[in-house]
Protein chains: 2
Amino acid sequence: MKARVTVTLKNGVLDPQGKAIEGALGALGFDGINGVRQGKVFDVELSDRDAAKAREELTAMCEKLLANTVIENYAIEIL
Amino acid sequence: MKARVTVTLKNGVLDPQGKAIEGALGALGFDGINGVRQGKVFDVELSDRDAAKAREELTAMCEKLLANTVIENYAIEIL
């Protein structure tokens, strides 16, 4: 079973990397960009066959390792 | 208009970061993980109101800056 975990910064948390990308896109001539925020995505392949159990396990992985829940949100998608 | 660009490594490209995460999850006691691959996600806010034009512009951004198309795939999603 495949799953995708998307980790993004919470609103209000500064994102200098996103700001740099926004600046670089502007320098390349792309107009009308009001903001860029960068996040991470993890494609996890699990041997679980039960979606509910997989989601539970992925939540634990996010809480323990994949996301810093003080400043980041995570979303789990079973593919 | 908001859009999400997801950049992932192409199949066959080594992902040492993903391997390290896989190892760390194993060390934390998570079993049954057959693979982890890490990618990037960019949440872009555009002033364009036309989805087709926005998609075209985002494709150009990916080709020029956001993705290294030799080793990475990108997917554009208009939210």
# chains A, B, ... in the order shown; residues from 1 in each chain; ligands from 1
call {"tool": "calpha_fit_and_write", "arguments": {"fixed": "chain B", "moving": "chain A", "output": "compact mmCIF listing (two decimals) with N, CA, C and O atoms, in the first residue's frame"}}
result
# COMPACT_ATOMS: atom_id res chain seq x y z
N MET A 1 -5.21 33.02 -6.80
CA MET A 1 -5.34 31.59 -7.10
C MET A 1 -4.18 30.83 -6.48
O MET A 1 -3.04 31.25 -6.58
N LYS A 2 -4.52 29.73 -5.81
CA LYS A 2 -3.47 28.94 -5.16
C LYS A 2 -3.18 27.70 -5.98
O LYS A 2 -4.08 27.12 -6.57
N ALA A 3 -1.94 27.31 -5.96
CA ALA A 3 -1.55 26.10 -6.68
C ALA A 3 -0.53 25.35 -5.85
O ALA A 3 0.20 25.94 -5.04
N ARG A 4 -0.50 24.06 -6.05
CA ARG A 4 0.51 23.25 -5.37
C ARG A 4 1.32 22.51 -6.42
O ARG A 4 0.76 21.84 -7.29
N VAL A 5 2.63 22.66 -6.32
CA VAL A 5 3.55 21.96 -7.22
C VAL A 5 4.28 20.90 -6.40
O VAL A 5 4.86 21.21 -5.36
N THR A 6 4.19 19.66 -6.84
CA THR A 6 4.87 18.57 -6.13
C THR A 6 6.00 18.06 -7.00
O THR A 6 5.78 17.70 -8.15
N VAL A 7 7.20 18.07 -6.44
CA VAL A 7 8.39 17.63 -7.18
C VAL A 7 8.91 16.36 -6.53
O VAL A 7 9.19 16.34 -5.33
N THR A 8 8.99 15.30 -7.31
CA THR A 8 9.46 14.02 -6.77
C THR A 8 10.59 13.48 -7.64
O THR A 8 10.67 13.80 -8.82
N LEU A 9 11.42 12.67 -7.04
CA LEU A 9 12.51 12.06 -7.80
C LEU A 9 11.95 11.04 -8.79
O LEU A 9 10.99 10.33 -8.48
N LYS A 10 12.57 10.97 -9.96
CA LYS A 10 12.17 9.95 -10.93
C LYS A 10 12.53 8.57 -10.41
O LYS A 10 13.44 8.40 -9.60
N ASN A 11 11.80 7.59 -10.92
CA ASN A 11 12.13 6.20 -10.59
C ASN A 11 13.55 5.89 -11.03
O ASN A 11 13.97 6.33 -12.09
N GLY A 12 14.25 5.16 -10.18
CA GLY A 12 15.60 4.77 -10.54
C GLY A 12 16.66 5.73 -10.04
O GLY A 12 17.83 5.38 -9.99
N VAL A 13 16.25 6.94 -9.63
CA VAL A 13 17.21 7.89 -9.07
C VAL A 13 17.38 7.56 -7.59
O VAL A 13 16.40 7.43 -6.87
N LEU A 14 18.60 7.40 -7.15
CA LEU A 14 18.86 7.06 -5.75
C LEU A 14 18.38 8.18 -4.83
O LEU A 14 18.50 9.36 -5.16
N ASP A 15 17.85 7.80 -3.67
CA ASP A 15 17.34 8.78 -2.72
C ASP A 15 17.89 8.46 -1.32
O ASP A 15 17.23 7.83 -0.51
N PRO A 16 19.11 8.90 -1.06
CA PRO A 16 19.73 8.57 0.24
C PRO A 16 18.96 9.16 1.42
O PRO A 16 18.92 8.55 2.50
N GLN A 17 18.34 10.33 1.21
CA GLN A 17 17.57 10.94 2.29
C GLN A 17 16.36 10.05 2.64
O GLN A 17 16.09 9.81 3.82
N GLY A 18 15.69 9.57 1.61
CA GLY A 18 14.57 8.65 1.83
C GLY A 18 15.02 7.38 2.54
O GLY A 18 14.35 6.88 3.44
N LYS A 19 16.18 6.88 2.14
CA LYS A 19 16.73 5.66 2.75
C LYS A 19 17.01 5.89 4.23
O LYS A 19 16.77 5.03 5.08
N ALA A 20 17.55 7.08 4.54
CA ALA A 20 17.86 7.41 5.94
C ALA A 20 16.58 7.48 6.77
O ALA A 20 16.54 7.00 7.91
N ILE A 21 15.53 8.06 6.18
CA ILE A 21 14.25 8.15 6.89
C ILE A 21 13.68 6.75 7.11
O ILE A 21 13.17 6.44 8.19
N GLU A 22 13.80 5.91 6.09
CA GLU A 22 13.34 4.53 6.20
C GLU A 22 14.06 3.82 7.34
O GLU A 22 13.44 3.15 8.17
N GLY A 23 15.37 4.03 7.42
CA GLY A 23 16.15 3.42 8.50
C GLY A 23 15.75 3.95 9.86
O GLY A 23 15.63 3.20 10.83
N ALA A 24 15.52 5.27 9.93
CA ALA A 24 15.15 5.88 11.21
C ALA A 24 13.79 5.39 11.67
O ALA A 24 13.58 5.14 12.88
N LEU A 25 12.86 5.23 10.73
CA LEU A 25 11.53 4.71 11.10
C LEU A 25 11.65 3.28 11.61
O LEU A 25 11.00 2.92 12.61
N GLY A 26 12.50 2.49 10.96
CA GLY A 26 12.73 1.12 11.43
C GLY A 26 13.29 1.12 12.84
O GLY A 26 12.87 0.35 13.70
N ALA A 27 14.24 2.01 13.09
CA ALA A 27 14.87 2.10 14.42
C ALA A 27 13.87 2.53 15.48
O ALA A 27 14.02 2.22 16.66
N LEU A 28 12.84 3.26 15.08
CA LEU A 28 11.79 3.69 16.02
C LEU A 28 10.74 2.60 16.23
O LEU A 28 9.79 2.79 16.98
N GLY A 29 10.89 1.48 15.55
CA GLY A 29 9.99 0.36 15.79
C GLY A 29 8.86 0.22 14.77
O GLY A 29 7.97 -0.60 14.96
N PHE A 30 8.91 1.01 13.71
CA PHE A 30 7.87 0.86 12.69
C PHE A 30 8.28 -0.25 11.73
O PHE A 30 9.31 -0.16 11.06
N ASP A 31 7.46 -1.29 11.67
CA ASP A 31 7.77 -2.42 10.78
C ASP A 31 6.99 -2.30 9.48
O ASP A 31 6.07 -1.49 9.38
N GLY A 32 7.36 -3.11 8.55
CA GLY A 32 6.57 -3.23 7.33
C GLY A 32 6.67 -2.03 6.42
O GLY A 32 5.75 -1.75 5.65
N ILE A 33 7.79 -1.32 6.49
CA ILE A 33 7.99 -0.22 5.56
C ILE A 33 8.88 -0.70 4.43
O ILE A 33 10.00 -1.13 4.65
N ASN A 34 8.36 -0.65 3.22
CA ASN A 34 9.11 -1.17 2.08
C ASN A 34 9.88 -0.10 1.33
O ASN A 34 10.67 -0.41 0.46
N GLY A 35 9.64 1.15 1.67
CA GLY A 35 10.37 2.20 0.97
C GLY A 35 9.86 3.57 1.35
O GLY A 35 8.68 3.75 1.65
N VAL A 36 10.78 4.54 1.37
CA VAL A 36 10.40 5.93 1.58
C VAL A 36 11.16 6.75 0.55
O VAL A 36 12.36 6.54 0.34
N ARG A 37 10.46 7.64 -0.11
CA ARG A 37 11.13 8.58 -1.02
C ARG A 37 10.65 9.97 -0.68
O ARG A 37 9.48 10.20 -0.47
N GLN A 38 11.62 10.88 -0.58
CA GLN A 38 11.25 12.23 -0.20
C GLN A 38 11.20 13.15 -1.41
O GLN A 38 12.01 13.06 -2.33
N GLY A 39 10.24 14.04 -1.39
CA GLY A 39 10.12 15.04 -2.43
C GLY A 39 9.85 16.41 -1.84
O GLY A 39 9.94 16.59 -0.62
N LYS A 40 9.53 17.34 -2.70
CA LYS A 40 9.30 18.72 -2.26
C LYS A 40 7.93 19.17 -2.71
O LYS A 40 7.42 18.71 -3.72
N VAL A 41 7.37 20.09 -1.97
CA VAL A 41 6.10 20.66 -2.37
C VAL A 41 6.20 22.18 -2.27
O VAL A 41 6.82 22.71 -1.34
N PHE A 42 5.67 22.86 -3.28
CA PHE A 42 5.67 24.33 -3.30
C PHE A 42 4.23 24.81 -3.36
O PHE A 42 3.50 24.45 -4.30
N ASP A 43 3.82 25.58 -2.38
CA ASP A 43 2.50 26.20 -2.43
C ASP A 43 2.68 27.61 -2.95
O ASP A 43 3.29 28.45 -2.29
N VAL A 44 2.17 27.83 -4.14
CA VAL A 44 2.38 29.11 -4.83
C VAL A 44 1.05 29.87 -4.88
O VAL A 44 0.01 29.29 -5.19
N GLU A 45 1.11 31.13 -4.53
CA GLU A 45 -0.08 31.96 -4.65
C GLU A 45 0.12 32.92 -5.81
O GLU A 45 1.08 33.70 -5.82
N LEU A 46 -0.80 32.84 -6.78
CA LEU A 46 -0.68 33.64 -8.00
C LEU A 46 -1.81 34.64 -8.07
O LEU A 46 -2.91 34.38 -7.59
N SER A 47 -1.55 35.76 -8.73
CA SER A 47 -2.64 36.72 -8.91
C SER A 47 -3.45 36.43 -10.17
O SER A 47 -4.51 36.99 -10.36
N ASP A 48 -2.96 35.50 -11.01
CA ASP A 48 -3.74 35.05 -12.18
C ASP A 48 -5.11 34.55 -11.76
O ASP A 48 -5.24 33.87 -10.75
N ARG A 49 -6.11 34.81 -12.60
CA ARG A 49 -7.43 34.27 -12.29
C ARG A 49 -7.83 33.19 -13.28
O ARG A 49 -8.86 32.57 -13.15
N ASP A 50 -6.99 33.01 -14.27
CA ASP A 50 -7.30 32.04 -15.31
C ASP A 50 -6.47 30.77 -15.06
O ASP A 50 -5.25 30.78 -15.09
N ALA A 51 -7.18 29.66 -14.81
CA ALA A 51 -6.49 28.42 -14.42
C ALA A 51 -5.55 27.93 -15.52
O ALA A 51 -4.44 27.47 -15.22
N ALA A 52 -5.97 28.05 -16.77
CA ALA A 52 -5.15 27.54 -17.87
C ALA A 52 -3.85 28.34 -17.97
O ALA A 52 -2.77 27.78 -18.14
N LYS A 53 -3.98 29.67 -17.81
CA LYS A 53 -2.79 30.52 -17.90
C LYS A 53 -1.87 30.25 -16.70
O LYS A 53 -0.64 30.22 -16.83
N ALA A 54 -2.48 30.07 -15.54
CA ALA A 54 -1.69 29.79 -14.33
C ALA A 54 -0.91 28.48 -14.50
O ALA A 54 0.27 28.40 -14.18
N ARG A 55 -1.58 27.47 -15.05
CA ARG A 55 -0.92 26.18 -15.24
C ARG A 55 0.27 26.30 -16.20
O ARG A 55 1.32 25.71 -15.98
N GLU A 56 0.06 27.09 -17.24
CA GLU A 56 1.13 27.31 -18.22
C GLU A 56 2.34 27.99 -17.56
O GLU A 56 3.49 27.59 -17.76
N GLU A 57 2.03 29.00 -16.74
CA GLU A 57 3.10 29.73 -16.08
C GLU A 57 3.83 28.84 -15.05
O GLU A 57 5.06 28.85 -14.95
N LEU A 58 3.05 28.04 -14.34
CA LEU A 58 3.65 27.13 -13.35
C LEU A 58 4.54 26.09 -14.03
O LEU A 58 5.59 25.71 -13.51
N THR A 59 4.13 25.64 -15.21
CA THR A 59 4.96 24.69 -15.96
C THR A 59 6.31 25.32 -16.30
O THR A 59 7.36 24.70 -16.13
N ALA A 60 6.26 26.59 -16.72
CA ALA A 60 7.51 27.29 -17.04
C ALA A 60 8.37 27.43 -15.78
O ALA A 60 9.60 27.25 -15.83
N MET A 61 7.73 27.75 -14.65
CA MET A 61 8.49 27.87 -13.39
C MET A 61 9.18 26.55 -13.02
O MET A 61 10.31 26.53 -12.57
N CYS A 62 8.46 25.45 -13.22
CA CYS A 62 9.03 24.14 -12.91
C CYS A 62 10.22 23.84 -13.81
O CYS A 62 11.26 23.38 -13.34
N GLU A 63 10.04 24.11 -15.10
CA GLU A 63 11.11 23.80 -16.06
C GLU A 63 12.35 24.65 -15.79
O GLU A 63 13.48 24.18 -15.97
N LYS A 64 12.12 25.90 -15.33
CA LYS A 64 13.25 26.81 -15.18
C LYS A 64 13.88 26.79 -13.80
O LYS A 64 15.07 27.06 -13.65
N LEU A 65 13.07 26.57 -12.77
CA LEU A 65 13.62 26.72 -11.42
C LEU A 65 13.23 25.62 -10.43
O LEU A 65 14.09 25.09 -9.72
N LEU A 66 11.94 25.28 -10.39
CA LEU A 66 11.48 24.47 -9.25
C LEU A 66 11.93 23.01 -9.31
O LEU A 66 12.14 22.38 -8.28
N ALA A 67 12.06 22.49 -10.52
CA ALA A 67 12.43 21.08 -10.63
C ALA A 67 13.67 20.92 -11.50
O ALA A 67 13.90 21.72 -12.41
N ASN A 68 14.47 19.94 -11.19
CA ASN A 68 15.57 19.54 -12.06
C ASN A 68 15.03 18.39 -12.91
O ASN A 68 14.97 17.25 -12.45
N THR A 69 14.63 18.72 -14.13
CA THR A 69 13.88 17.73 -14.92
C THR A 69 14.73 16.55 -15.39
O THR A 69 14.20 15.60 -15.95
N VAL A 70 16.03 16.61 -15.16
CA VAL A 70 16.86 15.45 -15.48
C VAL A 70 16.56 14.31 -14.50
O VAL A 70 16.47 13.15 -14.88
N ILE A 71 16.35 14.67 -13.24
CA ILE A 71 16.15 13.63 -12.22
C ILE A 71 14.81 13.73 -11.48
O ILE A 71 14.49 12.88 -10.67
N GLU A 72 14.04 14.76 -11.78
CA GLU A 72 12.81 14.96 -11.02
C GLU A 72 11.58 15.10 -11.92
O GLU A 72 11.66 15.66 -13.01
N ASN A 73 10.47 14.61 -11.43
CA ASN A 73 9.16 14.85 -12.06
C ASN A 73 8.44 15.93 -11.28
O ASN A 73 8.68 16.11 -10.09
N TYR A 74 7.53 16.61 -11.96
CA TYR A 74 6.70 17.57 -11.23
C TYR A 74 5.24 17.39 -11.58
O TYR A 74 4.91 16.93 -12.67
N ALA A 75 4.40 17.73 -10.62
CA ALA A 75 2.95 17.68 -10.84
C ALA A 75 2.37 18.99 -10.36
O ALA A 75 2.74 19.49 -9.29
N ILE A 76 1.48 19.57 -11.16
CA ILE A 76 0.87 20.86 -10.83
C ILE A 76 -0.60 20.64 -10.54
O ILE A 76 -1.30 19.95 -11.27
N GLU A 77 -1.03 21.21 -9.44
CA GLU A 77 -2.42 21.06 -9.02
C GLU A 77 -2.95 22.46 -8.72
O GLU A 77 -2.36 23.16 -7.90
N ILE A 78 -3.99 22.86 -9.38
CA ILE A 78 -4.61 24.16 -9.09
C ILE A 78 -5.63 23.93 -7.98
O ILE A 78 -6.50 23.06 -8.11
N LEU A 79 -5.51 24.68 -6.90
CA LEU A 79 -6.39 24.42 -5.74
C LEU A 79 -7.65 25.31 -5.78
O LEU A 79 -7.69 26.31 -6.45
call {"tool": "select_by_dssp", "arguments": {"residues": "chain B", "states": "strand (DSSP E or B)", "output": "JSON list (two decimals) with N, CA and C atoms, in the first residue's frame"}}
result
[["chain", "number", "residue", "atom", "x", "y", "z"],
["B", 2, "LYS", "N", -4.53, 29.74, -5.81],
["B", 2, "LYS", "CA", -3.48, 28.95, -5.16],
["B", 2, "LYS", "C", -3.18, 27.70, -5.97],
["B", 3, "ALA", "N", -1.95, 27.32, -5.97],
["B", 3, "ALA", "CA", -1.56, 26.10, -6.69],
["B", 3, "ALA", "C", -0.53, 25.36, -5.85],
["B", 4, "ARG", "N", -0.49, 24.06, -6.05],
["B", 4, "ARG", "CA", 0.50, 23.24, -5.36],
["B", 4, "ARG", "C", 1.33, 22.50, -6.40],
["B", 5, "VAL", "N", 2.63, 22.66, -6.32],
["B", 5, "VAL", "CA", 3.54, 21.97, -7.22],
["B", 5, "VAL", "C", 4.27, 20.91, -6.39],
["B", 6, "THR", "N", 4.20, 19.66, -6.83],
["B", 6, "THR", "CA", 4.88, 18.57, -6.12],
["B", 6, "THR", "C", 6.01, 18.06, -7.00],
["B", 7, "VAL", "N", 7.21, 18.07, -6.44],
["B", 7, "VAL", "CA", 8.40, 17.64, -7.18],
["B", 7, "VAL", "C", 8.91, 16.37, -6.52],
["B", 8, "THR", "N", 8.99, 15.29, -7.31],
["B", 8, "THR", "CA", 9.46, 14.01, -6.77],
["B", 8, "THR", "C", 10.60, 13.47, -7.64],
["B", 9, "LEU", "N", 11.43, 12.66, -7.04],
["B", 9, "LEU", "CA", 12.51, 12.05, -7.80],
["B", 9, "LEU", "C", 11.96, 11.03, -8.80],
["B", 33, "ILE", "N", 7.79, -1.32, 6.48],
["B", 33, "ILE", "CA", 7.99, -0.20, 5.56],
["B", 33, "ILE", "C", 8.89, -0.69, 4.42],
["B", 34, "ASN", "N", 8.34, -0.64, 3.23],
["B", 34, "ASN", "CA", 9.10, -1.16, 2.08],
["B", 34, "ASN", "C", 9.87, -0.09, 1.33],
["B", 35, "GLY", "N", 9.63, 1.14, 1.66],
["B", 35, "GLY", "CA", 10.38, 2.19, 0.98],
["B", 35, "GLY", "C", 9.85, 3.57, 1.34],
["B", 36, "VAL", "N", 10.77, 4.53, 1.36],
["B", 36, "VAL", "CA", 10.39, 5.92, 1.58],
["B", 36, "VAL", "C", 11.14, 6.75, 0.54],
["B", 37, "ARG", "N", 10.44, 7.63, -0.11],
["B", 37, "ARG", "CA", 11.11, 8.57, -1.01],
["B", 37, "ARG", "C", 10.65, 9.98, -0.66],
["B", 38, "GLN", "N", 11.62, 10.88, -0.59],
["B", 38, "GLN", "CA", 11.26, 12.23, -0.21],
["B", 38, "GLN", "C", 11.21, 13.16, -1.40],
["B", 39, "GLY", "N", 10.22, 14.03, -1.38],
["B", 39, "GLY", "CA", 10.12, 15.04, -2.43],
["B", 39, "GLY", "C", 9.83, 16.40, -1.83],
["B", 40, "LYS", "N", 9.54, 17.35, -2.70],
["B", 40, "LYS", "CA", 9.31, 18.72, -2.25],
["B", 40, "LYS", "C", 7.94, 19.18, -2.70],
["B", 41, "VAL", "N", 7.39, 20.10, -1.96],
["B", 41, "VAL", "CA", 6.11, 20.66, -2.36],
["B", 41, "VAL", "C", 6.20, 22.18, -2.26],
["B", 42, "PHE", "N", 5.68, 22.85, -3.27],
["B", 42, "PHE", "CA", 5.68, 24.32, -3.28],
["B", 42, "PHE", "C", 4.23, 24.79, -3.36],
["B", 43, "ASP", "N", 3.83, 25.58, -2.38],
["B", 43, "ASP", "CA", 2.50, 26.19, -2.44],
["B", 43, "ASP", "C", 2.67, 27.61, -2.96],
["B", 44, "VAL", "N", 2.16, 27.83, -4.15],
["B", 44, "VAL", "CA", 2.38, 29.11, -4.83],
["B", 44, "VAL", "C", 1.06, 29.87, -4.88],
["B", 45, "GLU", "N", 1.13, 31.14, -4.55],
["B", 45, "GLU", "CA", -0.07, 31.96, -4.66],
["B", 45, "GLU", "C", 0.12, 32.93, -5.81],
["B", 46, "LEU", "N", -0.77, 32.83, -6.78],
["B", 46, "LEU", "CA", -0.65, 33.63, -8.00],
["B", 46, "LEU", "C", -1.78, 34.64, -8.09],
["B", 72, "GLU", "N", 14.06, 14.78, -11.79],
["B", 72, "GLU", "CA", 12.81, 14.97, -11.03],
["B", 72, "GLU", "C", 11.59, 15.10, -11.93],
["B", 73, "ASN", "N", 10.47, 14.61, -11.44],
["B", 73, "ASN", "CA", 9.16, 14.83, -12.06],
["B", 73, "ASN", "C", 8.44, 15.92, -11.29],
["B", 74, "TYR", "N", 7.52, 16.60, -11.96],
["B", 74, "TYR", "CA", 6.70, 17.56, -11.22],
["B", 74, "TYR", "C", 5.23, 17.38, -11.58],
["B", 75, "ALA", "N", 4.39, 17.73, -10.63],
["B", 75, "ALA", "CA", 2.95, 17.67, -10.84],
["B", 75, "ALA", "C", 2.36, 18.99, -10.36],
["B", 76, "ILE", "N", 1.47, 19.55, -11.17],
["B", 76, "ILE", "CA", 0.86, 20.85, -10.83],
["B", 76, "ILE", "C", -0.61, 20.62, -10.54],
["B", 77, "GLU", "N", -1.04, 21.22, -9.46],
["B", 77, "GLU", "CA", -2.42, 21.05, -9.02],
["B", 77, "GLU", "C", -2.96, 22.45, -8.70],
["B", 78, "ILE", "N", -4.01, 22.84, -9.37],
["B", 78, "ILE", "CA", -4.62, 24.15, -9.08],
["B", 78, "ILE", "C", -5.65, 23.93, -7.98]]
call {"tool": "select_by_dssp", "arguments": {"residues": "chain A", "states": "helix (DSSP H, G or I)", "output": "ChimeraX atom specification"}}
result
/A:16-27,51-66
